[in-house]
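Visitor: If it helps, the file is called target-v3.txt and holds compact mmCIF, C-alpha atoms:
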# COMPACT_ATOMS: atom_id res chain seq x y z
CA MET A 1 117.24 -90.15 164.94
CA ALA A 2 120.85 -90.43 166.09
CA THR A 3 123.55 -88.26 164.53
CA ILE A 4 126.90 -89.49 163.27
CA LYS A 5 129.34 -86.59 163.23
CA LEU A 6 131.96 -86.78 160.51
CA PRO A 7 135.25 -84.99 161.21
CA THR A 8 136.83 -83.15 158.30
CA PRO A 9 139.57 -85.74 157.62
CA LEU A 10 136.83 -88.27 156.78
CA ARG A 11 134.67 -86.01 154.63
CA ARG A 12 136.42 -86.84 151.38
CA PHE A 13 134.70 -90.22 151.75
CA THR A 14 131.29 -88.68 152.42
CA GLY A 15 131.00 -86.10 149.66
CA GLN A 16 131.96 -83.45 152.25
CA ARG A 17 128.88 -84.24 154.36
CA LYS A 18 129.43 -83.15 157.97
CA SER A 19 126.98 -85.50 159.62
CA LEU A 20 124.41 -88.18 158.92
CA GLU A 21 121.12 -88.79 160.68
CA VAL A 22 120.47 -92.48 161.19
CA SER A 23 117.83 -94.63 162.77
CA ALA A 24 119.71 -97.43 164.50
CA GLY A 25 119.41 -99.74 167.49
CA THR A 26 123.15 -100.20 168.00
CA VAL A 27 126.38 -98.46 167.06
CA GLY A 28 127.03 -101.30 164.60
CA ASP A 29 123.67 -100.60 162.92
CA ALA A 30 124.48 -96.90 162.77
CA LEU A 31 127.85 -97.53 161.13
CA ALA A 32 126.19 -99.98 158.70
CA ALA A 33 123.80 -97.19 157.71
CA LEU A 34 126.78 -94.88 157.26
CA THR A 35 128.65 -97.28 155.00
CA GLN A 36 125.49 -97.97 153.02
CA GLU A 37 125.11 -94.24 152.38
CA PHE A 38 128.84 -93.74 151.75
CA PRO A 39 130.37 -97.06 150.57
CA ASP A 40 133.93 -95.65 150.61
CA MET A 41 133.66 -95.41 154.41
CA ARG A 42 133.60 -99.20 154.70
CA GLY A 43 137.30 -99.53 153.86
CA VAL A 44 138.11 -96.63 156.16
CA LEU A 45 136.35 -98.08 159.19
CA PHE A 46 136.34 -101.85 158.84
CA ALA A 47 138.98 -104.55 158.41
CA GLU A 48 138.33 -107.44 156.00
CA GLY A 49 136.79 -109.61 158.73
CA GLY A 50 134.18 -106.96 159.48
CA ASP A 51 135.70 -105.72 162.76
CA LEU A 52 136.44 -102.06 163.28
CA LYS A 53 140.02 -101.31 162.34
CA SER A 54 142.17 -101.25 165.47
CA PHE A 55 143.13 -97.61 165.02
CA ILE A 56 139.57 -96.34 164.53
CA ARG A 57 137.84 -95.17 167.69
CA VAL A 58 134.13 -94.54 167.95
CA PHE A 59 132.51 -92.50 170.74
CA ILE A 60 128.87 -92.24 171.70
CA GLY A 61 127.81 -89.47 174.03
CA GLY A 62 131.49 -88.74 174.62
CA GLN A 63 132.29 -92.31 175.70
CA ASP A 64 134.50 -94.74 173.83
CA ILE A 65 132.38 -97.71 172.70
CA GLU A 66 135.28 -100.00 173.63
CA GLY A 67 134.46 -99.32 177.28
CA LEU A 68 130.75 -99.95 176.61
CA GLN A 69 129.45 -102.81 174.48
CA GLY A 70 131.47 -102.17 171.36
CA LEU A 71 129.43 -102.27 168.15
CA GLN A 72 126.55 -103.71 170.21
CA THR A 73 126.31 -100.52 172.28
CA PRO A 74 122.68 -99.33 172.23
CA VAL A 75 121.94 -96.03 170.49
CA ALA A 76 119.42 -93.64 172.00
CA THR A 77 117.29 -91.66 169.56
CA ASP A 78 119.10 -88.40 170.26
CA ALA A 79 122.59 -89.91 170.54
CA VAL A 80 125.63 -88.30 168.95
CA ILE A 81 128.19 -90.72 167.54
CA ALA A 82 131.68 -89.40 166.84
CA ILE A 83 134.36 -91.16 164.81
CA PHE A 84 137.94 -90.50 165.75
CA PRO A 85 140.12 -90.37 162.66
CA PRO A 86 143.82 -91.21 162.66
CA ILE A 87 145.80 -88.15 161.63
CA ALA A 88 149.53 -87.56 161.66
CA GLY A 89 150.12 -84.34 159.72
CA ALA A 90 152.31 -81.65 161.20
CA MET B 1 166.59 -66.81 190.93
CA LEU B 2 165.69 -64.61 187.97
CA THR B 3 168.09 -61.87 186.96
CA ASP B 4 166.85 -58.28 186.62
CA GLU B 5 166.85 -58.67 182.85
CA GLN B 6 164.87 -61.91 183.06
CA ARG B 7 162.32 -60.24 185.34
CA VAL B 8 161.71 -57.65 182.65
CA ARG B 9 161.80 -60.10 179.73
CA TYR B 10 159.33 -62.56 181.29
CA GLU B 11 157.27 -60.02 183.27
CA ARG B 12 153.92 -60.79 181.63
CA GLN B 13 154.39 -64.52 182.04
CA VAL B 14 155.48 -64.17 185.66
CA LEU B 15 152.36 -62.09 186.30
CA PHE B 16 150.30 -65.06 185.14
CA ARG B 17 149.74 -66.57 188.57
CA PRO B 18 149.77 -70.28 187.69
CA ILE B 19 153.38 -69.75 186.53
CA GLY B 20 154.67 -66.94 188.74
CA GLU B 21 158.36 -66.32 189.45
CA ALA B 22 158.96 -69.80 190.84
CA GLY B 23 157.46 -71.38 187.73
CA GLN B 24 159.50 -69.14 185.46
CA GLU B 25 162.68 -70.15 187.28
CA ARG B 26 161.74 -73.80 186.75
CA LEU B 27 161.14 -73.19 183.04
CA HIS B 28 164.64 -71.78 182.74
CA GLU B 29 166.06 -74.98 184.21
CA ARG B 30 164.14 -77.28 181.86
CA SER B 31 164.99 -78.83 178.51
CA VAL B 32 162.50 -79.56 175.70
CA LEU B 33 162.98 -81.50 172.49
CA VAL B 34 160.86 -80.40 169.54
CA ALA B 35 160.65 -83.34 167.13
CA GLY B 36 160.06 -81.88 163.70
CA VAL B 37 160.46 -78.17 163.02
CA GLY B 38 157.89 -77.84 160.25
CA ALA B 39 154.54 -76.15 160.78
CA ILE B 40 153.60 -77.28 164.31
CA GLY B 41 157.20 -77.59 165.47
CA ALA B 42 158.27 -74.14 164.34
CA ALA B 43 155.25 -72.57 166.03
CA ALA B 44 155.87 -74.54 169.24
CA ALA B 45 159.56 -73.64 169.23
CA MET B 46 158.67 -69.94 168.88
CA ILE B 47 156.33 -70.11 171.88
CA LEU B 48 158.68 -72.12 174.10
CA SER B 49 161.77 -70.07 173.26
CA ARG B 50 160.01 -66.76 173.91
CA GLY B 51 158.59 -68.28 177.08
CA GLY B 52 162.02 -68.95 178.51
CA VAL B 53 162.39 -72.72 178.43
CA GLY B 54 166.10 -73.02 179.24
CA THR B 55 167.18 -75.45 176.53
CA LEU B 56 165.48 -76.31 173.26
CA HIS B 57 166.59 -79.19 171.05
CA LEU B 58 165.27 -78.86 167.48
CA VAL B 59 165.26 -82.11 165.49
CA ASP B 60 164.54 -82.09 161.75
CA HIS B 61 166.38 -83.40 158.69
CA ASP B 62 164.45 -81.37 156.08
CA LYS B 63 165.40 -78.22 154.26
CA VAL B 64 163.13 -75.20 153.81
CA GLU B 65 161.05 -75.33 150.61
CA LEU B 66 158.77 -72.80 148.95
CA SER B 67 155.65 -74.89 149.67
CA ASN B 68 156.45 -74.66 153.42
CA LEU B 69 156.10 -70.89 153.67
CA GLN B 70 152.29 -70.83 153.65
CA ARG B 71 152.15 -72.42 157.12
CA GLN B 72 155.69 -72.66 158.54
CA LEU B 73 155.81 -69.15 159.91
CA LEU B 74 159.40 -69.15 161.13
CA TYR B 75 160.89 -69.33 157.63
CA ASP B 76 161.09 -66.92 154.71
CA GLU B 77 162.08 -66.77 151.06
CA ALA B 78 165.77 -66.32 151.85
CA ASP B 79 165.71 -69.67 153.66
CA VAL B 80 164.26 -71.32 150.56
CA ALA B 81 166.90 -69.74 148.32
CA GLY B 82 169.63 -70.81 150.72
CA SER B 83 168.30 -74.36 150.89
CA ARG B 84 169.17 -74.45 154.61
CA PRO B 85 168.26 -77.22 157.07
CA LYS B 86 165.18 -76.20 159.04
CA ALA B 87 166.72 -77.10 162.41
CA GLU B 88 169.71 -74.81 161.86
CA ARG B 89 167.69 -71.97 160.38
CA ALA B 90 165.09 -72.18 163.13
CA ALA B 91 167.79 -72.09 165.81
CA GLU B 92 169.37 -68.98 164.28
CA LYS B 93 166.05 -67.16 164.10
CA LEU B 94 164.84 -68.16 167.55
CA ARG B 95 168.10 -66.94 169.13
CA ARG B 96 167.27 -63.46 167.82
CA GLY B 97 164.09 -63.55 169.86
CA ASN B 98 165.71 -64.90 173.00
CA SER B 99 169.47 -65.05 173.55
CA ASP B 100 168.82 -65.93 177.20
CA ILE B 101 168.34 -69.63 176.42
CA GLN B 102 170.22 -72.44 174.69
CA ILE B 103 168.93 -73.64 171.30
CA ILE B 104 170.54 -76.74 169.85
CA PRO B 105 169.77 -77.87 166.28
CA HIS B 106 169.99 -81.54 165.27
CA VAL B 107 169.85 -82.10 161.51
CA GLU B 108 168.51 -85.64 161.58
CA ARG B 109 165.26 -87.62 161.79
CA PHE B 110 164.00 -88.84 165.16
CA THR B 111 164.19 -92.66 165.03
CA ASP B 112 164.33 -95.62 167.42
CA GLU B 113 168.09 -95.69 166.85
CA ASN B 114 168.94 -92.12 167.85
CA ALA B 115 166.20 -91.71 170.48
CA CYS B 116 168.41 -92.40 173.51
CA PRO B 117 171.12 -89.83 172.82
CA LEU B 118 168.60 -87.24 171.69
CA LEU B 119 166.49 -87.60 174.84
CA GLU B 120 169.44 -87.42 177.25
CA GLY B 121 168.65 -84.69 179.78
CA VAL B 122 165.34 -83.77 178.13
CA ASP B 123 162.34 -83.04 180.39
CA LEU B 124 159.53 -83.00 177.79
CA VAL B 125 158.99 -83.66 174.07
CA ILE B 126 156.77 -81.85 171.58
CA ASP B 127 155.48 -84.20 168.86
CA ALA B 128 155.62 -82.28 165.60
CA VAL B 129 156.57 -85.09 163.22
CA ASP B 130 154.36 -85.73 160.22
CA ASN B 131 153.95 -89.52 160.03
CA PHE B 132 152.80 -92.35 162.26
CA ARG B 133 156.10 -94.25 162.09
CA ALA B 134 157.92 -91.33 163.69
CA LYS B 135 155.07 -90.64 166.12
CA PHE B 136 155.12 -94.24 167.36
CA ALA B 137 158.93 -94.07 167.68
CA LEU B 138 158.51 -90.95 169.83
CA ASN B 139 155.83 -92.70 171.89
CA ARG B 140 158.08 -95.74 172.54
CA ALA B 141 161.12 -93.64 173.37
CA CYS B 142 159.32 -91.26 175.71
CA LEU B 143 157.58 -94.09 177.55
CA ALA B 144 160.90 -95.90 177.99
CA ALA B 145 162.58 -92.74 179.29
CA GLY B 146 159.61 -91.64 181.41
CA ILE B 147 159.38 -88.31 179.57
CA PRO B 148 156.05 -86.55 178.88
CA LEU B 149 155.15 -86.28 175.19
CA MET B 150 152.69 -83.74 173.81
CA TYR B 151 151.04 -85.52 170.85
CA GLY B 152 149.79 -83.21 168.13
CA ALA B 153 148.55 -83.65 164.57
CA VAL B 154 146.69 -81.63 161.94
CA SER B 155 144.85 -82.24 158.69
CA GLY B 156 143.00 -79.55 156.75
CA SER B 157 141.29 -77.43 159.39
CA PHE B 158 141.18 -80.25 161.94
CA GLY B 159 143.66 -81.14 164.65
CA MET B 160 144.19 -83.13 167.81
CA MET B 161 146.36 -82.78 170.89
CA MET B 162 146.88 -85.11 173.82
CA PRO B 163 149.45 -85.01 176.61
CA ILE B 164 151.02 -88.44 177.14
CA ILE B 165 152.36 -88.79 180.68
CA PRO B 166 154.11 -92.18 181.05
CA GLY B 167 152.35 -94.41 183.55
CA ARG B 168 149.59 -91.87 184.15
CA THR B 169 147.67 -91.22 180.94
CA ALA B 170 146.84 -93.02 177.72
CA CYS B 171 149.67 -93.29 175.22
CA LEU B 172 149.54 -93.27 171.42
CA CYS B 173 149.17 -97.07 171.39
CA CYS B 174 146.26 -96.87 173.84
CA LEU B 175 144.67 -94.42 171.43
CA TYR B 176 145.32 -96.16 168.13
CA CYS B 177 146.19 -99.74 169.19
CA ASP B 178 148.28 -100.30 166.09
CA GLU B 179 150.28 -98.01 163.89
CA PRO B 180 147.79 -96.99 161.16
CA ASP B 181 148.73 -98.20 157.70
CA PRO B 182 150.49 -95.69 155.50
CA GLY B 183 147.78 -94.08 153.37
CA SER B 184 145.05 -94.66 155.97
CA SER B 185 145.18 -91.07 157.11
CA GLU B 186 145.21 -87.70 155.48
CA THR B 187 148.41 -85.68 155.38
CA ALA B 188 149.14 -82.06 154.51
CA ALA B 189 150.08 -83.35 151.06
CA THR B 190 146.65 -84.95 150.48
CA ALA B 191 144.16 -82.88 152.50
CA GLY B 192 146.10 -79.64 152.72
CA VAL B 193 146.38 -77.68 155.95
CA ILE B 194 145.62 -74.10 156.96
CA PRO B 195 147.78 -72.08 159.37
CA PRO B 196 145.10 -71.43 162.03
CA ILE B 197 144.88 -75.10 162.98
CA VAL B 198 148.66 -75.40 163.07
CA LEU B 199 148.93 -72.51 165.52
CA THR B 200 146.00 -73.80 167.58
CA ILE B 201 147.47 -77.27 168.05
CA ALA B 202 150.97 -75.92 168.75
CA SER B 203 149.44 -73.54 171.31
CA LEU B 204 147.56 -76.35 173.03
CA GLN B 205 150.73 -78.45 173.18
CA CYS B 206 152.76 -75.55 174.54
CA ALA B 207 150.18 -74.56 177.16
CA GLN B 208 150.35 -78.09 178.55
CA ALA B 209 154.14 -78.11 178.24
CA LEU B 210 154.48 -74.83 180.14
CA LYS B 211 152.11 -76.18 182.78
CA TRP B 212 154.17 -79.36 183.25
CA LEU B 213 157.54 -77.64 183.12
CA SER B 214 156.59 -74.86 185.53
CA GLY B 215 155.54 -77.42 188.11
CA ALA B 216 151.76 -77.84 187.82
CA THR B 217 152.19 -81.52 186.99
CA ASP B 218 148.94 -82.60 188.66
CA GLU B 219 146.80 -80.31 186.54
CA MET B 220 147.44 -81.72 183.09
CA VAL B 221 144.69 -82.24 180.53
CA THR B 222 144.22 -85.99 180.16
CA ASP B 223 141.66 -86.01 177.32
CA VAL B 224 142.16 -85.85 173.60
CA VAL B 225 141.45 -82.30 172.49
CA GLN B 226 139.88 -82.15 169.03
CA VAL B 227 139.56 -78.84 167.20
CA ASP B 228 138.17 -77.83 163.83
CA VAL B 229 138.97 -74.16 163.30
CA TRP B 230 136.92 -73.93 160.09
CA GLU B 231 133.79 -75.21 161.79
CA GLY B 232 134.54 -73.51 165.12
CA GLU B 233 134.27 -76.86 166.92
CA PHE B 234 136.16 -77.86 170.03
CA ALA B 235 135.70 -81.21 171.79
CA LEU B 236 137.30 -83.14 174.63
CA LEU B 237 137.14 -86.91 174.25
CA PRO B 238 138.26 -89.16 177.08
CA ALA B 239 141.33 -91.26 176.35
CA ALA B 240 141.47 -94.27 178.61
CA ARG B 241 144.63 -96.31 179.27
CA ARG B 242 144.44 -99.87 178.01
CA ALA B 243 145.52 -102.40 180.62
CA ASN B 244 146.91 -104.62 177.85
CA CYS B 245 148.59 -101.82 175.90
CA ALA B 246 151.71 -103.20 174.24
CA ALA B 247 153.57 -99.95 174.80
CA CYS B 248 152.56 -98.76 178.28
CA GLY B 249 150.61 -101.63 179.87
CA ASP B 250 153.47 -102.55 182.20
CA LEU B 251 154.18 -99.01 183.45
Can I see the file as structure tokens?
Guide:
Amino acid sequence: MATIKLPTPLRRFTGQRKSLEVSAGTVGDALAALTQEFPDMRGVLFAEGGDLKSFIRVFIGGQDIEGLQGLQTPVATDAVIAIFPPIAGA
Amino acid sequence: MLTDEQRVRYERQVLFRPIGEAGQERLHERSVLVAGVGAIGAAAAMILSRGGVGTLHLVDHDKVELSNLQRQLLYDEADVAGSRPKAERAAEKLRRGNSDIQIIPHVERFTDENACPLLEGVDLVIDAVDNFRAKFALNRACLAAGIPLMYGAVSGSFGMMMPIIPGRTACLCCLYCDEPDPGSSETAATAGVIPPIVLTIASLQCAQALKWLSGATDEMVTDVVQVDVWEGEFALLPAARRANCAACGDL
């Protein structure tokens, strides 16, 4: 199972869950599992057309998926997926 | 050359070898603009003023309010009662800690319109504004002027810091592509914020600022530093420049 880590600014959409274990072949599959479990995350992550919002960054194994294969990036069974939330508070 | 009094005042910092006496002398010749003197900005201004940065510009249009005191450690109840502008009050208080430097308050917002005059003669900017519009204005202005910007933001117990060195590292647009919609991110007003993350992010910004200003410009952190003080988590995530970045792609 891969692990999606959920940073605190996103946890109000996940019932304060800190992470989610998912079985997924690609990052897109993993995020689909996340939004199925927590439907409010869909509007946080995805634009209306289904693409990731431009200001949401997703990392797998410490690498930005934009430099890999995007949502088609393969997910190893022990992979850690991190979502980078936009924050501006000071 | 440091005076005898400066040698005593900055002794512990001069003993820190990566700075040393030469670095301390450079700090005294440098000018930093702190954009926003709320929680992060007040903490950063305290560190940089005590550390002997020669000139500090403090930019903030707000006044001190009771709800600020929980995390904005430079202010007190008298400042709330006096309804004083933060920039002026911060300057007065910081001068008590170090009269050896110049501290210049600017009671105004940082915007695209006033960016040029505010950045005149400035060597580095601390991002301590609390919204993406202002952060993107800082990003544009610092890229245009070739001035390093220390991005910082907090929400709850979570925070991020990233040095933005024009032409060398990713900028805010590389990171976020577009300015996030208002309401797409948590703020202190919606998610709250606790003082430990404020001080952590301000400290990370200031450590990089002191490094740059004292001359170690080739040793800057180039990743995004993510911290959650509640969870005790600390992560470095690589931030790559985008070749087609609308803000810095042509630098």
Visitor: Hey, can you check how far atom CA of B:Gln72 sits from atom CA of B:Gly41?
Guide: 8.6 Å
Visitor: With 9 Å as the cut-off and all atoms listed in the file counted, what is the closest atom pair between each nearby residue of chain B and chain A? Distances in Å to one decimal, ordered by chain and number, as JSON lines.
Guide:
{"residue": "B:Gly36", "atom": "CA", "partner": "A:Ala90", "partner_atom": "CA", "distance": 8.1}
{"residue": "B:Gly38", "atom": "CA", "partner": "A:Ala90", "partner_atom": "CA", "distance": 6.8}
{"residue": "B:Ala39", "atom": "CA", "partner": "A:Ala90", "partner_atom": "CA", "distance": 5.9}
{"residue": "B:Ile40", "atom": "CA", "partner": "A:Ala90", "partner_atom": "CA", "distance": 5.5}
{"residue": "B:Gly41", "atom": "CA", "partner": "A:Ala90", "partner_atom": "CA", "distance": 7.7}
{"residue": "B:Asp127", "atom": "CA", "partner": "A:Ala90", "partner_atom": "CA", "distance": 8.7}
{"residue": "B:Ala128", "atom": "CA", "partner": "A:Ala90", "partner_atom": "CA", "distance": 5.5}
{"residue": "B:Val129", "atom": "CA", "partner": "A:Ala90", "partner_atom": "CA", "distance": 5.8}
{"residue": "B:Asp130", "atom": "CA", "partner": "A:Gly89", "partner_atom": "CA", "distance": 4.5}
{"residue": "B:Asn131", "atom": "CA", "partner": "A:Ala88", "partner_atom": "CA", "distance": 5.1}
{"residue": "B:Phe132", "atom": "CA", "partner": "A:Ala88", "partner_atom": "CA", "distance": 5.8}
{"residue": "B:Lys135", "atom": "CA", "partner": "A:Ala88", "partner_atom": "CA", "distance": 7.8}
{"residue": "B:Gly152", "atom": "CA", "partner": "A:Ala90", "partner_atom": "CA", "distance": 7.5}
{"residue": "B:Ala153", "atom": "CA", "partner": "A:Ala88", "partner_atom": "CA", "distance": 5.0}
{"residue": "B:Val154", "atom": "CA", "partner": "A:Gly89", "partner_atom": "CA", "distance": 4.9}
{"residue": "B:Ser155", "atom": "CA", "partner": "A:Gly89", "partner_atom": "CA", "distance": 5.8}
{"residue": "B:Gly156", "atom": "CA", "partner": "A:Pro9", "partner_atom": "CA", "distance": 7.1}
{"residue": "B:Ser157", "atom": "CA", "partner": "A:Thr8", "partner_atom": "CA", "distance": 7.3}
{"residue": "B:Phe158", "atom": "CA", "partner": "A:Thr8", "partner_atom": "CA", "distance": 6.4}
{"residue": "B:Gly159", "atom": "CA", "partner": "A:Ile87", "partner_atom": "CA", "distance": 7.9}
{"residue": "B:Met160", "atom": "CA", "partner": "A:Ile87", "partner_atom": "CA", "distance": 8.1}
{"residue": "B:Cys173", "atom": "CA", "partner": "A:Phe55", "partner_atom": "CA", "distance": 8.8}
{"residue": "B:Leu175", "atom": "CA", "partner": "A:Phe55", "partner_atom": "CA", "distance": 7.3}
{"residue": "B:Tyr176", "atom": "CA", "partner": "A:Phe55", "partner_atom": "CA", "distance": 4.1}
{"residue": "B:Cys177", "atom": "CA", "partner": "A:Phe55", "partner_atom": "CA", "distance": 5.6}
{"residue": "B:Asp178", "atom": "CA", "partner": "A:Phe55", "partner_atom": "CA", "distance": 5.9}
{"residue": "B:Glu179", "atom": "CA", "partner": "A:Phe55", "partner_atom": "CA", "distance": 7.2}
{"residue": "B:Pro180", "atom": "CA", "partner": "A:Phe55", "partner_atom": "CA", "distance": 6.1}
{"residue": "B:Ser184", "atom": "CA", "partner": "A:Val44", "partner_atom": "CA", "distance": 7.2}
{"residue": "B:Ser185", "atom": "CA", "partner": "A:Ile87", "partner_atom": "CA", "distance": 5.4}
{"residue": "B:Glu186", "atom": "CA", "partner": "A:Ile87", "partner_atom": "CA", "distance": 6.2}
{"residue": "B:Thr187", "atom": "CA", "partner": "A:Gly89", "partner_atom": "CA", "distance": 4.9}
{"residue": "B:Ala188", "atom": "CA", "partner": "A:Gly89", "partner_atom": "CA", "distance": 5.8}
{"residue": "B:Ala189", "atom": "CA", "partner": "A:Gly89", "partner_atom": "CA", "distance": 8.7}
{"residue": "B:Ala191", "atom": "CA", "partner": "A:Pro9", "partner_atom": "CA", "distance": 7.4}
{"residue": "B:Val193", "atom": "CA", "partner": "A:Gly89", "partner_atom": "CA", "distance": 8.5}
{"residue": "B:Val198", "atom": "CA", "partner": "A:Ala90", "partner_atom": "CA", "distance": 7.5}
{"residue": "B:Asp228", "atom": "CA", "partner": "A:Thr8", "partner_atom": "CA", "distance": 7.8}
{"residue": "B:Leu236", "atom": "CA", "partner": "A:Gly62", "partner_atom": "CA", "distance": 8.1}
{"residue": "B:Leu237", "atom": "CA", "partner": "A:Gly62", "partner_atom": "CA", "distance": 6.0}
{"residue": "B:Pro238", "atom": "CA", "partner": "A:Gln63", "partner_atom": "CA", "distance": 6.9}
{"residue": "B:Ala239", "atom": "CA", "partner": "A:Asp64", "partner_atom": "CA", "distance": 8.1}
{"residue": "B:Ala240", "atom": "CA", "partner": "A:Asp64", "partner_atom": "CA", "distance": 8.5}
Visitor: Excluding A:Arg17 and its own-chain neighbours fewer than 2 positions away, which residues fall within 12 Å of it when counting all atoms listed in the file? Please give them as an NGL selection string.
Guide: :A and (4-15 or 19-21 or 34 or 37-38)
Visitor: Would you save the residues from that selection as a tab-separated table (two decimals), in the frame of the given file, using C-alpha atoms?
Guide:
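Here's the written file result_21.tsv:
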chain	number	residue	atom	x	y	z
A	4	ILE	CA	126.90	-89.49	163.27
A	5	LYS	CA	129.34	-86.59	163.23
A	6	LEU	CA	131.96	-86.78	160.51
A	7	PRO	CA	135.25	-84.99	161.21
A	8	THR	CA	136.83	-83.15	158.30
A	9	PRO	CA	139.57	-85.74	157.62
A	10	LEU	CA	136.83	-88.27	156.78
A	11	ARG	CA	134.67	-86.01	154.63
A	12	ARG	CA	136.42	-86.84	151.38
A	13	PHE	CA	134.70	-90.22	151.75
A	14	THR	CA	131.29	-88.68	152.42
A	15	GLY	CA	131.00	-86.10	149.66
A	19	SER	CA	126.98	-85.50	159.62
A	20	LEU	CA	124.41	-88.18	158.92
A	21	GLU	CA	121.12	-88.79	160.68
A	34	LEU	CA	126.78	-94.88	157.26
A	37	GLU	CA	125.11	-94.24	152.38
A	38	PHE	CA	128.84	-93.74	151.75
Visitor: For A:Ala2, which residue out of A:Leu71, A:Ala79, A:Met41, A:Val27 is the nearest one, using all atoms listed in the file?
Guide: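 Of A:Leu71, A:Ala79, A:Met41, A:Val27, the one nearest A:Ala2 is A:Ala79, counting all atoms listed in the file.
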Visitor: Could you give me, as a compact mmCIF listing (two decimals) with C-alpha atoms, in the coordinates of the input, the residues that sit within 12 Å of (157.7, -83.1, 177.1) in the file's coordinates, counting only C-alpha atoms?
Guide:
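part_35.txt, freshly written:
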# COMPACT_ATOMS: atom_id res chain seq x y z
CA ARG B 30 164.14 -77.28 181.86
CA SER B 31 164.99 -78.83 178.51
CA VAL B 32 162.50 -79.56 175.70
CA LEU B 33 162.98 -81.50 172.49
CA VAL B 34 160.86 -80.40 169.54
CA ALA B 35 160.65 -83.34 167.13
CA ALA B 44 155.87 -74.54 169.24
CA LEU B 48 158.68 -72.12 174.10
CA VAL B 53 162.39 -72.72 178.43
CA LEU B 56 165.48 -76.31 173.26
CA HIS B 57 166.59 -79.19 171.05
CA LEU B 119 166.49 -87.60 174.84
CA GLY B 121 168.65 -84.69 179.78
CA VAL B 122 165.34 -83.77 178.13
CA ASP B 123 162.34 -83.04 180.39
CA LEU B 124 159.53 -83.00 177.79
CA VAL B 125 158.99 -83.66 174.07
CA ILE B 126 156.77 -81.85 171.58
CA ASP B 127 155.48 -84.20 168.86
CA ALA B 128 155.62 -82.28 165.60
CA LEU B 138 158.51 -90.95 169.83
CA ASN B 139 155.83 -92.70 171.89
CA ALA B 141 161.12 -93.64 173.37
CA CYS B 142 159.32 -91.26 175.71
CA LEU B 143 157.58 -94.09 177.55
CA ALA B 145 162.58 -92.74 179.29
CA GLY B 146 159.61 -91.64 181.41
CA ILE B 147 159.38 -88.31 179.57
CA PRO B 148 156.05 -86.55 178.88
CA LEU B 149 155.15 -86.28 175.19
CA MET B 150 152.69 -83.74 173.81
CA TYR B 151 151.04 -85.52 170.85
CA GLY B 152 149.79 -83.21 168.13
CA MET B 162 146.88 -85.11 173.82
CA PRO B 163 149.45 -85.01 176.61
CA ILE B 164 151.02 -88.44 177.14
CA ILE B 165 152.36 -88.79 180.68
CA PRO B 166 154.11 -92.18 181.05
CA GLN B 205 150.73 -78.45 173.18
CA CYS B 206 152.76 -75.55 174.54
CA ALA B 207 150.18 -74.56 177.16
CA GLN B 208 150.35 -78.09 178.55
CA ALA B 209 154.14 -78.11 178.24
CA LEU B 210 154.48 -74.83 180.14
CA LYS B 211 152.11 -76.18 182.78
CA TRP B 212 154.17 -79.36 183.25
CA LEU B 213 157.54 -77.64 183.12
CA SER B 214 156.59 -74.86 185.53
CA THR B 217 152.19 -81.52 186.99
CA MET B 220 147.44 -81.72 183.09
Visitor: Tell me, as an mmCIF file with C-alpha atoms, in the frame of the given file, which residues lie within 9 Å of B:Arg168, counting only C-alpha atoms; anything in the same chain fewer than 4 positions away does not count.
Guide:
data_model
loop_
_atom_site.group_PDB
_atom_site.id
_atom_site.type_symbol
_atom_site.label_atom_id
_atom_site.label_comp_id
_atom_site.auth_asym_id
_atom_site.auth_seq_id
_atom_site.Cartn_x
_atom_site.Cartn_y
_atom_site.Cartn_z
ATOM 1 C CA ILE B 164 151.020 -88.440 177.140
ATOM 2 C CA THR B 222 144.220 -85.990 180.160
ATOM 3 C CA ARG B 241 144.630 -96.310 179.270
ATOM 4 C CA LEU B 251 154.180 -99.010 183.450
#
Visitor: Write out as a list in words the residues lying within 10 Å of B:Gln13, counting all atoms listed in the file and excluding same-chain residues fewer than 5 positions away.
Guide: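 Here the answer would be Arg7, Pro18, Ile19, Gly20, Glu21, Gly23, Gln24, Gly51 and Gly52 of chain B.
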Visitor: One number please: atom CA of B:Leu15 to atom CA of B:Asp100, in Å, one decimal.
Guide: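 Going from atom CA of B:Leu15 over to atom CA of B:Asp100, I get 19.2 Å.
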Visitor: When you draw a straight line from atom CA of B:Ser49 to atom CA of B:Arg26, how long is it in Å?
Guide: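 Atom-to-atom, atom CA of B:Ser49 to atom CA of B:Arg26, that is 14.0 Å.
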Visitor: Could you check the closest approach to B:Asn114 for each of B:Ile101, B:Ala235, B:Ala247, B:Ala137 and tell me which residue wins, using all atoms listed in the file?
Guide: B:Ala137
